[in-house]
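Below: one structure, written as structure tokens.
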Amino acid sequence: MKKIVYLFLILHVVMTAQNSNAIISGTITAAGSPVPFATVYVESGTQGVDANANGTYTLTVPSGLITLVAHYQGYRTETKTLKIKAGTQQTLNFNLTEDALGLDQVVVSATRNRISKKKAPVIVNVLSPKLFRATQSISLADGLNYQPGVRVETNCQNCGFTQVRLNGLEGQYTQVLVNSRPVFSALNGVYGLEQIPVSIIDRVEVVRSGGSALFGSNAIAGTVNVITKEPINNTWDVSSYLGFIDGKTPDRSVNMNASIINEALTAGVTVYGMYRNRDAFDANTDGFSEITKLTNNSLGAKAFVKPNDNSRIGVDFTAIKEFRRGGDRLDLAPQFTDVTEQLDHNTIFTGIDYKLFNDTRTNDVTAYVSVQHTDRGSYYGGLGGGRTHADSIAANNAFGTTKDLAVVAGAKFTHHFNSNDVLTTGIEYQMNDTDDIITGYNRLVDQKVNNYGLYGQYEWKPSEQFTALIGARLDHVDVDGYYTIEDIERASDVAETVLSPRITLLYDITKALQFRGGYARGFRAPQAFNEDLHIASVGGEQSFVILSDNLESEFSNAYTASFNFTKDFNLTQTNVLVEGFYTTLKNPFTIVSTGTTLPNGSILEESRNGEGAYVTGTNIEISVSPSSSLFFQAGITLQKSIYKENQMLFEADGSNVNEHDVIIDEFTRSPNVYGFLNTNWEIIEDLRLDVTGSYTGSMIVPHIISESGFMDLVNTEAFFDMTTKLTYHFDPIEDVHVEISGGVQNIFNSYQDDFDSGAGRDSTYIYGPNQPRTVFVGLKFGDF
């Protein structure tokens, strides 16, 4: 009898719960067309659903006063508040507006959790595939310039070494992430920016300054987070590009992408690939290249599966095989040339992550492992053609090998409180093992870095207008390094524990005006970074960097403050950002040319601690979109990068009475003014014009004079690199789209005109845009 009573009670509770709910259904559209797979959910509730491929949804909601939210990437989030009567069925449609300025898009680099860009307490700039297409970017290095405070520079004529500077700081101060994991090692930092094709990139999130400190100790200048493509719906496309550098040197590439996802949206996979072949370019007809010969083959995949509503497993894989060579007589074996730098990379990035949620989505746990492995064959030398027997022996011994392994493993826990506060904690292990050997120079970099990290942050939201993000990361770093060049030996044996706190604030002064401010501390332990692993050619000899004795850790304190004004004037969307930054450096790592010549003729440089430095400046960004067919964005950075005491760049060894020490009180290769512009105009429905450009102001660049080996400091001219691109779209048959494009990069041919010539040149004396005027055409077709 009791069992029957219990059964009736359970049925009564279930029926009562059902009667207290209601059903809402409708269609989500944008400009009259359905938005497939958009998300609809109850604000501050646990109910939510994804629309189907036709943009329709059905959702069970509780009775009472509720707010429904409709969201889809690339569109403004829409909310509607309504009173629900229990047991009823209602229809509620949403009409989304394009988020032309990208303010409502979801980012992960601000807090290590998914959050709306507008609500993030840290400024996050996002580079989208639309921007990469507009700038005709082939690799990651091509498109990074188009954000305030961000500048990509080329540092070597022979090998094309590139680095990204954030707020004036050199590349090794920036933490490059792949899918939010720091597996981009110091070795990858030398050539990796040009190795990652944009065809595999979903977006790139850039956080300037130390507000991204929870991602690791090396994020002093900020983070560049490369998010690869996720399977969202069933698509495929093939695209090709043909450019002619200076109207004569071909650069060819082919890209392929395809995604498939099941009807239940519980599993999907996307695959992508690229082939690129670029001939070498000689700017001053001296027989030596200024742009390297390059061949790149990339293949990758990203997949997910949802075993149930509360869990998700993700897997990603990317393989890159790249060959690059610069110097003279590229048709000969490298040892028979005057100068050759040749690199053959085989790199694999792979990772797996598992996410688990509770039913109410208040708790989630993520566990992950990511691995990067690179095998590299290298050649840095030459002087073998027609020289003495000793020269030929030296040239034959200039081959090298490198093995580089990076592993990241960790777990993250996030709890969402009823007050909308968020607690995030996690542990992370990072390991980087590098072996770089060139037997002929007795060059060895044998370095292993282990980093054990523990972090936590609390996102406090006492009101709708105010958010405070308080956090810290505790790192224990072990560096075991042994470095040799000729008969010089150095070692790095570091065991150091450092606490890096951060605090950022967001305050909505009005609905249109936001204030953000923050402080973060960072550090870098003594070890070989990307600049130290790069080998340059100066005066026909190789230039090597080695760590100095007693190199100490470097520390930073970063302060930021910004005002962000966002307002719609009728249909015109506008956004203005003014950001100030100030970062101090204690014991900054600085490369000093010692003037010392090794027994084999090579030049020695040392990485030493400076006396302290600071960078300070302002980033200004303006975005305007009068309609869905027109978008304009421009940004400028005004800054100074100053040593607190004069810094030595060249140390005279006393062998030449005409030589003297070269000292400077500001950073080299750091212009005080630089900026960008980006304009997209849909002239008619199927015809689009893109005009983009980057400006680089005057800067000081070191120049080693080959005849004397002495360093000179050159004030460069300013450059404006502008690209125009015209794209026409048509649909020859159903579900097949075709785009034909063409244009000119660096249309004004703003390019360096004082390159060194011949085998004795200083290969690091290169600045300004990465290529001269280039004419290009493109073709893309598929269902995209």
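Note on naming: chains are A, B, ... as they come in the structure tokens, residues start from 1 per chain, ligands start from 1 in the order shown.
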Using DSSP assignments from the backbone, pull out every residue in stretch 205-418 of chain A that falls under strand (DSSP E) and give it to me as a compact mmCIF listing (two decimals) with N, CA and C atoms, in the first residue's frame.
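Saved as selection_15.txt:
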```txt
# COMPACT_ATOMS: atom_id res chain seq x y z
N GLU A 205 43.02 35.84 -30.74
CA GLU A 205 42.70 36.75 -29.65
C GLU A 205 43.99 37.34 -29.10
N VAL A 206 44.04 38.66 -29.03
CA VAL A 206 45.23 39.37 -28.56
C VAL A 206 44.90 40.12 -27.28
N VAL A 207 45.65 39.83 -26.23
CA VAL A 207 45.54 40.57 -24.98
C VAL A 207 46.86 41.28 -24.75
N ARG A 208 46.82 42.59 -24.72
CA ARG A 208 48.04 43.37 -24.52
C ARG A 208 48.32 43.56 -23.03
N GLY A 222 51.96 40.36 -23.16
CA GLY A 222 50.60 39.94 -23.47
C GLY A 222 50.59 38.56 -24.11
N THR A 223 49.44 38.18 -24.64
CA THR A 223 49.28 36.88 -25.28
C THR A 223 48.69 37.04 -26.68
N VAL A 224 49.10 36.13 -27.55
CA VAL A 224 48.49 35.97 -28.88
C VAL A 224 47.96 34.55 -28.92
N ASN A 225 46.65 34.41 -28.86
CA ASN A 225 46.00 33.10 -28.74
C ASN A 225 45.43 32.70 -30.09
N VAL A 226 46.03 31.68 -30.72
CA VAL A 226 45.59 31.20 -32.03
C VAL A 226 44.56 30.09 -31.83
N ILE A 227 43.31 30.37 -32.20
CA ILE A 227 42.24 29.38 -32.06
C ILE A 227 41.99 28.76 -33.44
N THR A 228 42.24 27.47 -33.57
CA THR A 228 42.03 26.82 -34.86
C THR A 228 40.56 26.51 -35.09
N THR A 235 30.47 22.18 -44.29
CA THR A 235 31.01 23.09 -45.29
C THR A 235 32.23 22.45 -45.96
N TRP A 236 32.59 23.01 -47.12
CA TRP A 236 33.85 22.64 -47.77
C TRP A 236 34.25 23.79 -48.69
N ASP A 237 35.54 23.95 -48.87
CA ASP A 237 36.01 24.96 -49.83
C ASP A 237 37.44 24.68 -50.22
N VAL A 238 37.78 25.15 -51.41
CA VAL A 238 39.14 25.09 -51.95
C VAL A 238 39.49 26.50 -52.42
N SER A 239 40.65 26.99 -52.05
CA SER A 239 41.06 28.32 -52.48
C SER A 239 42.50 28.30 -52.95
N SER A 240 42.81 29.18 -53.87
CA SER A 240 44.17 29.27 -54.38
C SER A 240 44.57 30.74 -54.49
N TYR A 241 45.87 30.98 -54.42
CA TYR A 241 46.41 32.34 -54.44
C TYR A 241 47.66 32.34 -55.31
N LEU A 242 47.81 33.37 -56.10
CA LEU A 242 49.02 33.57 -56.90
C LEU A 242 49.42 35.03 -56.81
N GLY A 243 50.60 35.28 -56.25
CA GLY A 243 51.11 36.64 -56.14
C GLY A 243 52.45 36.75 -56.84
N PHE A 244 52.76 37.97 -57.27
CA PHE A 244 54.05 38.25 -57.90
C PHE A 244 54.72 39.38 -57.14
N ILE A 245 55.74 39.03 -56.35
CA ILE A 245 56.47 40.00 -55.54
C ILE A 245 57.28 40.89 -56.48
N THR A 249 58.43 37.85 -58.92
CA THR A 249 58.76 36.66 -58.13
C THR A 249 57.48 35.99 -57.65
N PRO A 250 57.20 34.76 -58.07
CA PRO A 250 55.91 34.12 -57.75
C PRO A 250 55.83 33.61 -56.32
N ASP A 251 54.62 33.72 -55.76
CA ASP A 251 54.28 33.16 -54.46
C ASP A 251 52.94 32.47 -54.64
N ARG A 252 52.93 31.13 -54.50
CA ARG A 252 51.75 30.32 -54.83
C ARG A 252 51.27 29.57 -53.60
N SER A 253 49.95 29.45 -53.46
CA SER A 253 49.42 28.65 -52.35
C SER A 253 48.06 28.08 -52.72
N VAL A 254 47.74 26.92 -52.12
CA VAL A 254 46.44 26.27 -52.27
C VAL A 254 45.98 25.84 -50.88
N ASN A 255 44.72 26.14 -50.55
CA ASN A 255 44.15 25.79 -49.26
C ASN A 255 42.90 24.93 -49.45
N MET A 256 42.70 23.97 -48.55
CA MET A 256 41.50 23.13 -48.57
C MET A 256 40.95 23.03 -47.16
N ASN A 257 39.62 23.16 -47.02
CA ASN A 257 38.94 23.05 -45.73
C ASN A 257 37.64 22.29 -45.91
N ALA A 258 37.30 21.48 -44.91
CA ALA A 258 36.02 20.77 -44.94
C ALA A 258 35.60 20.47 -43.50
N SER A 259 34.31 20.59 -43.24
CA SER A 259 33.75 20.28 -41.93
C SER A 259 32.49 19.44 -42.09
N ILE A 260 32.27 18.55 -41.16
CA ILE A 260 31.04 17.76 -41.14
C ILE A 260 30.62 17.61 -39.69
N ILE A 261 29.30 17.70 -39.46
CA ILE A 261 28.75 17.60 -38.13
C ILE A 261 27.45 16.81 -38.20
N ALA A 267 28.63 15.59 -32.46
CA ALA A 267 29.95 15.19 -32.94
C ALA A 267 30.23 15.90 -34.25
N GLY A 268 31.50 16.22 -34.47
CA GLY A 268 31.88 16.89 -35.71
C GLY A 268 33.37 16.88 -35.88
N VAL A 269 33.80 17.09 -37.11
CA VAL A 269 35.23 17.14 -37.41
C VAL A 269 35.46 18.13 -38.54
N THR A 270 36.55 18.85 -38.45
CA THR A 270 36.97 19.72 -39.54
C THR A 270 38.41 19.38 -39.90
N VAL A 271 38.71 19.38 -41.19
CA VAL A 271 40.06 19.11 -41.67
C VAL A 271 40.50 20.26 -42.56
N TYR A 272 41.79 20.52 -42.56
CA TYR A 272 42.30 21.64 -43.35
C TYR A 272 43.72 21.34 -43.79
N GLY A 273 44.08 21.95 -44.90
CA GLY A 273 45.42 21.74 -45.43
C GLY A 273 45.86 22.92 -46.28
N MET A 274 47.18 23.10 -46.39
CA MET A 274 47.73 24.17 -47.23
C MET A 274 49.02 23.72 -47.87
N TYR A 275 49.21 24.17 -49.11
CA TYR A 275 50.49 24.02 -49.79
C TYR A 275 50.92 25.40 -50.26
N ARG A 276 52.15 25.77 -49.94
CA ARG A 276 52.67 27.08 -50.36
C ARG A 276 54.06 26.92 -50.95
N ASN A 277 54.32 27.64 -52.01
CA ASN A 277 55.62 27.61 -52.68
C ASN A 277 55.97 29.03 -53.11
N ARG A 278 56.99 29.61 -52.48
CA ARG A 278 57.42 30.98 -52.78
C ARG A 278 58.86 30.98 -53.23
N LYS A 293 63.39 31.71 -50.11
CA LYS A 293 62.66 30.66 -50.80
C LYS A 293 61.93 29.86 -49.74
N LEU A 294 60.65 29.52 -49.99
CA LEU A 294 59.84 28.91 -48.95
C LEU A 294 58.90 27.87 -49.54
N THR A 295 58.85 26.71 -48.91
CA THR A 295 57.85 25.68 -49.23
C THR A 295 57.22 25.22 -47.93
N ASN A 296 55.89 25.27 -47.88
CA ASN A 296 55.18 24.90 -46.66
C ASN A 296 54.05 23.95 -46.99
N ASN A 297 54.01 22.83 -46.26
CA ASN A 297 52.91 21.88 -46.36
C ASN A 297 52.30 21.73 -44.96
N SER A 298 51.02 22.05 -44.83
CA SER A 298 50.35 21.97 -43.53
C SER A 298 49.09 21.13 -43.66
N LEU A 299 48.85 20.33 -42.64
CA LEU A 299 47.65 19.50 -42.60
C LEU A 299 47.18 19.42 -41.16
N GLY A 300 45.87 19.56 -40.95
CA GLY A 300 45.37 19.53 -39.59
C GLY A 300 43.92 19.08 -39.51
N ALA A 301 43.49 18.78 -38.30
CA ALA A 301 42.11 18.38 -38.05
C ALA A 301 41.74 18.76 -36.62
N LYS A 302 40.47 19.01 -36.43
CA LYS A 302 39.94 19.30 -35.10
C LYS A 302 38.58 18.65 -34.99
N ALA A 303 38.33 17.91 -33.91
CA ALA A 303 37.09 17.15 -33.78
C ALA A 303 36.58 17.25 -32.35
N PHE A 304 35.28 17.00 -32.20
CA PHE A 304 34.70 16.94 -30.87
C PHE A 304 33.61 15.89 -30.85
N VAL A 305 33.32 15.40 -29.66
CA VAL A 305 32.21 14.49 -29.45
C VAL A 305 31.63 14.79 -28.07
N LYS A 306 30.31 14.78 -27.99
CA LYS A 306 29.61 15.00 -26.72
C LYS A 306 28.98 13.68 -26.29
N PRO A 307 29.62 12.95 -25.37
CA PRO A 307 29.05 11.67 -24.92
C PRO A 307 27.66 11.85 -24.31
N ASN A 308 27.44 13.01 -23.69
CA ASN A 308 26.13 13.34 -23.14
C ASN A 308 26.02 14.85 -23.05
N SER A 311 29.06 16.68 -21.01
CA SER A 311 30.49 16.45 -21.23
C SER A 311 30.84 16.66 -22.70
N ARG A 312 32.11 16.95 -22.92
CA ARG A 312 32.60 17.18 -24.28
C ARG A 312 34.07 16.78 -24.35
N ILE A 313 34.44 16.06 -25.39
CA ILE A 313 35.83 15.68 -25.64
C ILE A 313 36.27 16.35 -26.95
N GLY A 314 37.39 17.04 -26.90
CA GLY A 314 37.92 17.69 -28.08
C GLY A 314 39.32 17.20 -28.40
N VAL A 315 39.62 17.07 -29.68
CA VAL A 315 40.94 16.63 -30.14
C VAL A 315 41.37 17.54 -31.29
N ASP A 316 42.64 17.95 -31.29
CA ASP A 316 43.15 18.73 -32.41
C ASP A 316 44.53 18.22 -32.81
N PHE A 317 44.86 18.42 -34.08
CA PHE A 317 46.13 17.93 -34.63
C PHE A 317 46.52 18.83 -35.80
N THR A 318 47.76 19.26 -35.80
CA THR A 318 48.29 20.04 -36.93
C THR A 318 49.72 19.59 -37.20
N ALA A 319 50.02 19.31 -38.45
CA ALA A 319 51.37 18.95 -38.88
C ALA A 319 51.85 19.97 -39.90
N ILE A 320 53.07 20.47 -39.69
CA ILE A 320 53.64 21.49 -40.58
C ILE A 320 55.01 21.02 -41.03
N LYS A 321 55.20 20.98 -42.32
CA LYS A 321 56.51 20.67 -42.90
C LYS A 321 56.93 21.87 -43.73
N GLU A 322 58.03 22.51 -43.32
CA GLU A 322 58.44 23.74 -44.00
C GLU A 322 59.92 23.70 -44.33
N PHE A 323 60.23 24.17 -45.53
CA PHE A 323 61.62 24.33 -45.98
C PHE A 323 61.80 25.79 -46.36
N ARG A 324 62.87 26.40 -45.87
CA ARG A 324 63.18 27.78 -46.26
C ARG A 324 64.69 27.92 -46.45
N ARG A 325 65.04 28.77 -47.40
CA ARG A 325 66.46 28.97 -47.67
C ARG A 325 66.68 30.36 -48.22
N GLY A 326 67.74 31.00 -47.72
CA GLY A 326 68.13 32.31 -48.21
C GLY A 326 69.63 32.39 -48.36
N GLY A 327 70.08 33.41 -49.08
CA GLY A 327 71.50 33.59 -49.36
C GLY A 327 71.72 33.73 -50.85
N VAL A 339 77.09 32.48 -48.80
CA VAL A 339 76.29 32.54 -47.58
C VAL A 339 74.98 31.78 -47.80
N THR A 340 74.65 30.92 -46.87
CA THR A 340 73.35 30.22 -46.92
C THR A 340 72.82 30.04 -45.50
N GLU A 341 71.54 30.32 -45.33
CA GLU A 341 70.80 29.90 -44.15
C GLU A 341 69.65 29.05 -44.65
N GLN A 342 69.64 27.79 -44.22
CA GLN A 342 68.66 26.82 -44.70
C GLN A 342 68.06 26.09 -43.51
N LEU A 343 66.74 26.01 -43.47
CA LEU A 343 66.02 25.36 -42.39
C LEU A 343 64.99 24.40 -42.95
N ASP A 344 64.92 23.22 -42.38
CA ASP A 344 63.94 22.20 -42.77
C ASP A 344 63.22 21.75 -41.51
N HIS A 345 61.96 22.24 -41.34
CA HIS A 345 61.19 21.98 -40.13
C HIS A 345 60.14 20.89 -40.35
N ASN A 346 60.00 20.04 -39.35
CA ASN A 346 58.87 19.11 -39.27
C ASN A 346 58.26 19.28 -37.88
N THR A 347 57.08 19.88 -37.82
CA THR A 347 56.48 20.24 -36.54
C THR A 347 55.09 19.64 -36.42
N ILE A 348 54.78 19.15 -35.23
CA ILE A 348 53.45 18.60 -34.94
C ILE A 348 52.92 19.26 -33.67
N PHE A 349 51.70 19.78 -33.77
CA PHE A 349 50.94 20.23 -32.61
C PHE A 349 49.76 19.28 -32.43
N THR A 350 49.55 18.80 -31.23
CA THR A 350 48.39 17.96 -30.99
C THR A 350 47.92 18.13 -29.55
N GLY A 351 46.65 17.88 -29.32
CA GLY A 351 46.13 18.04 -27.98
C GLY A 351 44.78 17.37 -27.81
N ILE A 352 44.41 17.13 -26.57
CA ILE A 352 43.10 16.56 -26.24
C ILE A 352 42.62 17.24 -24.96
N ASP A 353 41.33 17.52 -24.91
CA ASP A 353 40.77 18.11 -23.69
C ASP A 353 39.41 17.47 -23.40
N TYR A 354 39.07 17.45 -22.12
CA TYR A 354 37.81 16.86 -21.67
C TYR A 354 37.13 17.86 -20.75
N LYS A 355 35.88 18.19 -21.05
CA LYS A 355 35.10 19.13 -20.26
C LYS A 355 33.89 18.43 -19.67
N LEU A 356 33.65 18.72 -18.39
CA LEU A 356 32.53 18.10 -17.68
C LEU A 356 31.75 19.18 -16.95
N PHE A 357 30.42 19.19 -17.14
CA PHE A 357 29.54 20.17 -16.50
C PHE A 357 28.56 19.44 -15.58
N ASN A 363 29.05 24.40 -12.31
CA ASN A 363 30.40 23.88 -12.15
C ASN A 363 30.87 23.27 -13.47
N ASP A 364 32.12 23.50 -13.79
CA ASP A 364 32.70 22.78 -14.92
C ASP A 364 34.17 22.53 -14.67
N VAL A 365 34.62 21.40 -15.14
CA VAL A 365 36.01 20.97 -15.00
C VAL A 365 36.57 20.69 -16.38
N THR A 366 37.78 21.16 -16.64
CA THR A 366 38.46 20.89 -17.90
C THR A 366 39.82 20.29 -17.60
N ALA A 367 40.13 19.18 -18.24
CA ALA A 367 41.45 18.56 -18.16
C ALA A 367 42.03 18.51 -19.57
N TYR A 368 43.32 18.79 -19.72
CA TYR A 368 43.88 18.89 -21.07
C TYR A 368 45.36 18.49 -21.09
N VAL A 369 45.78 18.04 -22.27
CA VAL A 369 47.18 17.76 -22.55
C VAL A 369 47.45 18.22 -23.98
N SER A 370 48.52 19.00 -24.17
CA SER A 370 48.91 19.44 -25.52
C SER A 370 50.41 19.20 -25.68
N VAL A 371 50.79 18.82 -26.90
CA VAL A 371 52.19 18.48 -27.18
C VAL A 371 52.59 19.13 -28.49
N GLN A 372 53.80 19.67 -28.51
CA GLN A 372 54.42 20.16 -29.75
C GLN A 372 55.79 19.52 -29.89
N HIS A 373 56.09 19.01 -31.08
CA HIS A 373 57.40 18.41 -31.32
C HIS A 373 57.92 18.90 -32.66
N THR A 374 59.20 19.33 -32.67
CA THR A 374 59.83 19.82 -33.89
C THR A 374 61.16 19.13 -34.11
N ASP A 375 61.33 18.61 -35.31
CA ASP A 375 62.64 18.15 -35.80
C ASP A 375 63.10 19.16 -36.84
N ARG A 376 64.31 19.68 -36.67
CA ARG A 376 64.80 20.69 -37.60
C ARG A 376 66.19 20.34 -38.08
N GLY A 377 66.37 20.39 -39.38
CA GLY A 377 67.70 20.33 -39.96
C GLY A 377 68.08 21.73 -40.41
N SER A 378 69.31 22.16 -40.13
CA SER A 378 69.68 23.54 -40.41
C SER A 378 71.06 23.61 -41.07
N TYR A 379 71.28 24.74 -41.72
CA TYR A 379 72.62 25.05 -42.25
C TYR A 379 72.82 26.55 -42.10
N TYR A 380 73.87 26.94 -41.38
CA TYR A 380 74.23 28.35 -41.22
C TYR A 380 75.70 28.48 -41.59
N GLY A 381 75.96 28.91 -42.80
CA GLY A 381 77.37 29.03 -43.19
C GLY A 381 77.53 29.38 -44.65
N GLY A 382 78.56 28.82 -45.24
CA GLY A 382 78.89 29.10 -46.62
C GLY A 382 80.39 29.21 -46.79
N PHE A 399 76.40 22.29 -40.90
CA PHE A 399 75.08 21.65 -40.78
C PHE A 399 74.76 21.42 -39.30
N GLY A 400 73.46 21.55 -38.97
CA GLY A 400 73.05 21.35 -37.59
C GLY A 400 71.73 20.61 -37.50
N THR A 401 71.43 20.13 -36.31
CA THR A 401 70.16 19.45 -36.05
C THR A 401 69.55 20.01 -34.76
N THR A 402 68.24 20.02 -34.72
CA THR A 402 67.53 20.52 -33.53
C THR A 402 66.35 19.61 -33.25
N LYS A 403 66.18 19.29 -32.00
CA LYS A 403 64.97 18.59 -31.54
C LYS A 403 64.36 19.43 -30.43
N ASP A 404 63.06 19.66 -30.54
CA ASP A 404 62.38 20.53 -29.59
C ASP A 404 61.05 19.90 -29.20
N LEU A 405 60.84 19.75 -27.89
CA LEU A 405 59.61 19.14 -27.38
C LEU A 405 58.99 20.07 -26.34
N ALA A 406 57.71 20.37 -26.50
CA ALA A 406 56.97 21.15 -25.52
C ALA A 406 55.73 20.38 -25.11
N VAL A 407 55.49 20.28 -23.81
CA VAL A 407 54.33 19.57 -23.27
C VAL A 407 53.62 20.49 -22.28
N VAL A 408 52.30 20.54 -22.39
CA VAL A 408 51.48 21.29 -21.43
C VAL A 408 50.36 20.37 -20.98
N ALA A 409 50.20 20.25 -19.67
CA ALA A 409 49.12 19.43 -19.10
C ALA A 409 48.55 20.17 -17.90
N GLY A 410 47.23 20.08 -17.75
CA GLY A 410 46.65 20.80 -16.64
C GLY A 410 45.18 20.48 -16.44
N ALA A 411 44.62 21.11 -15.43
CA ALA A 411 43.20 20.96 -15.13
C ALA A 411 42.70 22.29 -14.59
N LYS A 412 41.46 22.63 -14.94
CA LYS A 412 40.85 23.90 -14.53
C LYS A 412 39.45 23.63 -14.00
N PHE A 413 39.13 24.28 -12.88
CA PHE A 413 37.81 24.17 -12.29
C PHE A 413 37.19 25.55 -12.20
N THR A 414 35.92 25.66 -12.61
CA THR A 414 35.21 26.93 -12.57
C THR A 414 33.87 26.73 -11.88
N HIS A 415 33.57 27.64 -10.95
CA HIS A 415 32.29 27.62 -10.25
C HIS A 415 31.58 28.96 -10.42
N HIS A 416 30.31 28.91 -10.87
CA HIS A 416 29.49 30.10 -11.05
C HIS A 416 28.53 30.21 -9.86
```
With stretch 713-729 of chain A as the partner and 12 Å as the cut-off, tabulate the residues of stretch 566-675 of chain A that qualify, each row holding the nearest pair of atoms and their distance in Å to one decimal, using only C-alpha atoms, sorted by chain and rising number, as a Markdown table.
```
| residue | atom | partner | partner_atom | distance |
| --- | --- | --- | --- | --- |
| A:Leu649 | CA | A:Leu713 | CA | 9.9 |
| A:Phe650 | CA | A:Leu713 | CA | 10.5 |
| A:Val662 | CA | A:Leu713 | CA | 8.6 |
| A:Ile663 | CA | A:Leu713 | CA | 9.8 |
| A:Ile664 | CA | A:Leu713 | CA | 9.3 |
| A:Glu666 | CA | A:Leu713 | CA | 11.7 |
| A:Phe667 | CA | A:Leu713 | CA | 11.6 |
| A:Thr668 | CA | A:Leu713 | CA | 8.8 |
| A:Arg669 | CA | A:Thr716 | CA | 9.4 |
| A:Ser670 | CA | A:Thr716 | CA | 10.9 |
| A:Pro671 | CA | A:Ala718 | CA | 9.1 |
| A:Asn672 | CA | A:Ala718 | CA | 10.8 |
| A:Val673 | CA | A:Ala718 | CA | 9.4 |
| A:Tyr674 | CA | A:Ala718 | CA | 9.2 |
| A:Gly675 | CA | A:Phe720 | CA | 9.3 |
```
Save the residues we just selected, C-alpha atoms, as a compact mmCIF listing (two decimals), in the first residue's frame?
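See result.txt below for the written result:
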```
# COMPACT_ATOMS: atom_id res chain seq x y z
CA LEU A 649 74.69 47.54 -27.46
CA PHE A 650 78.28 47.20 -28.73
CA VAL A 662 77.86 52.03 -28.51
CA ILE A 663 75.33 52.93 -25.84
CA ILE A 664 71.70 53.96 -26.13
CA GLU A 666 65.94 53.72 -25.81
CA PHE A 667 64.93 50.41 -27.34
CA THR A 668 66.04 49.69 -30.87
CA ARG A 669 63.59 48.65 -33.58
CA SER A 670 60.77 50.23 -31.58
CA PRO A 671 59.05 53.14 -33.38
CA ASN A 672 57.35 55.78 -31.27
CA VAL A 673 54.39 55.87 -33.68
CA TYR A 674 52.71 53.05 -35.61
CA GLY A 675 49.17 52.19 -36.63
```
Which of A:Asp712, A:Asp549, A:Asp478, A:Glu78 sits closest to A:Gly453 [using only C-alpha atoms]: A:Asp478
Selection: 6 Å around A:Arg165, only C-alpha atoms, excl. self and same-chain fewer than 4 positions, as a list of chain:residue names: A:Val150, A:Arg151, A:Leu169, A:Glu170, A:Gly171
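Taking atom CA of A:Val538 as the reference point, atom CA of A:Tyr765 is found at 9.4 Å.
Nearest residue to A:Asn564, choosing from A:Ala528, A:Leu265, A:Leu103, A:Ser602 and counting only C-alpha atoms: A:Leu103.
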Nearest to A:Arg361, chosen from A:Ser392, A:Asp487, A:Asp493, A:Asn418, with only C-alpha atoms counted in the distances: A:Asn418
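Take the candidates A:Glu659, A:Glu194, A:Glu541, A:Asp756 and check each one against A:Asp391 using only C-alpha atoms; the shortest distance goes to A:Glu541.
The spacing separating atom CA of A:Val422 from atom CA of A:Asn310 amounts to 19.0 Å.
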Minimum-distance residue to A:Ala520, chosen among A:Asn646, A:Ala759, A:Ala186, A:Thr560 (using only C-alpha atoms):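 Of the candidates, the smallest distance to A:Ala520 is held by A:Thr560.
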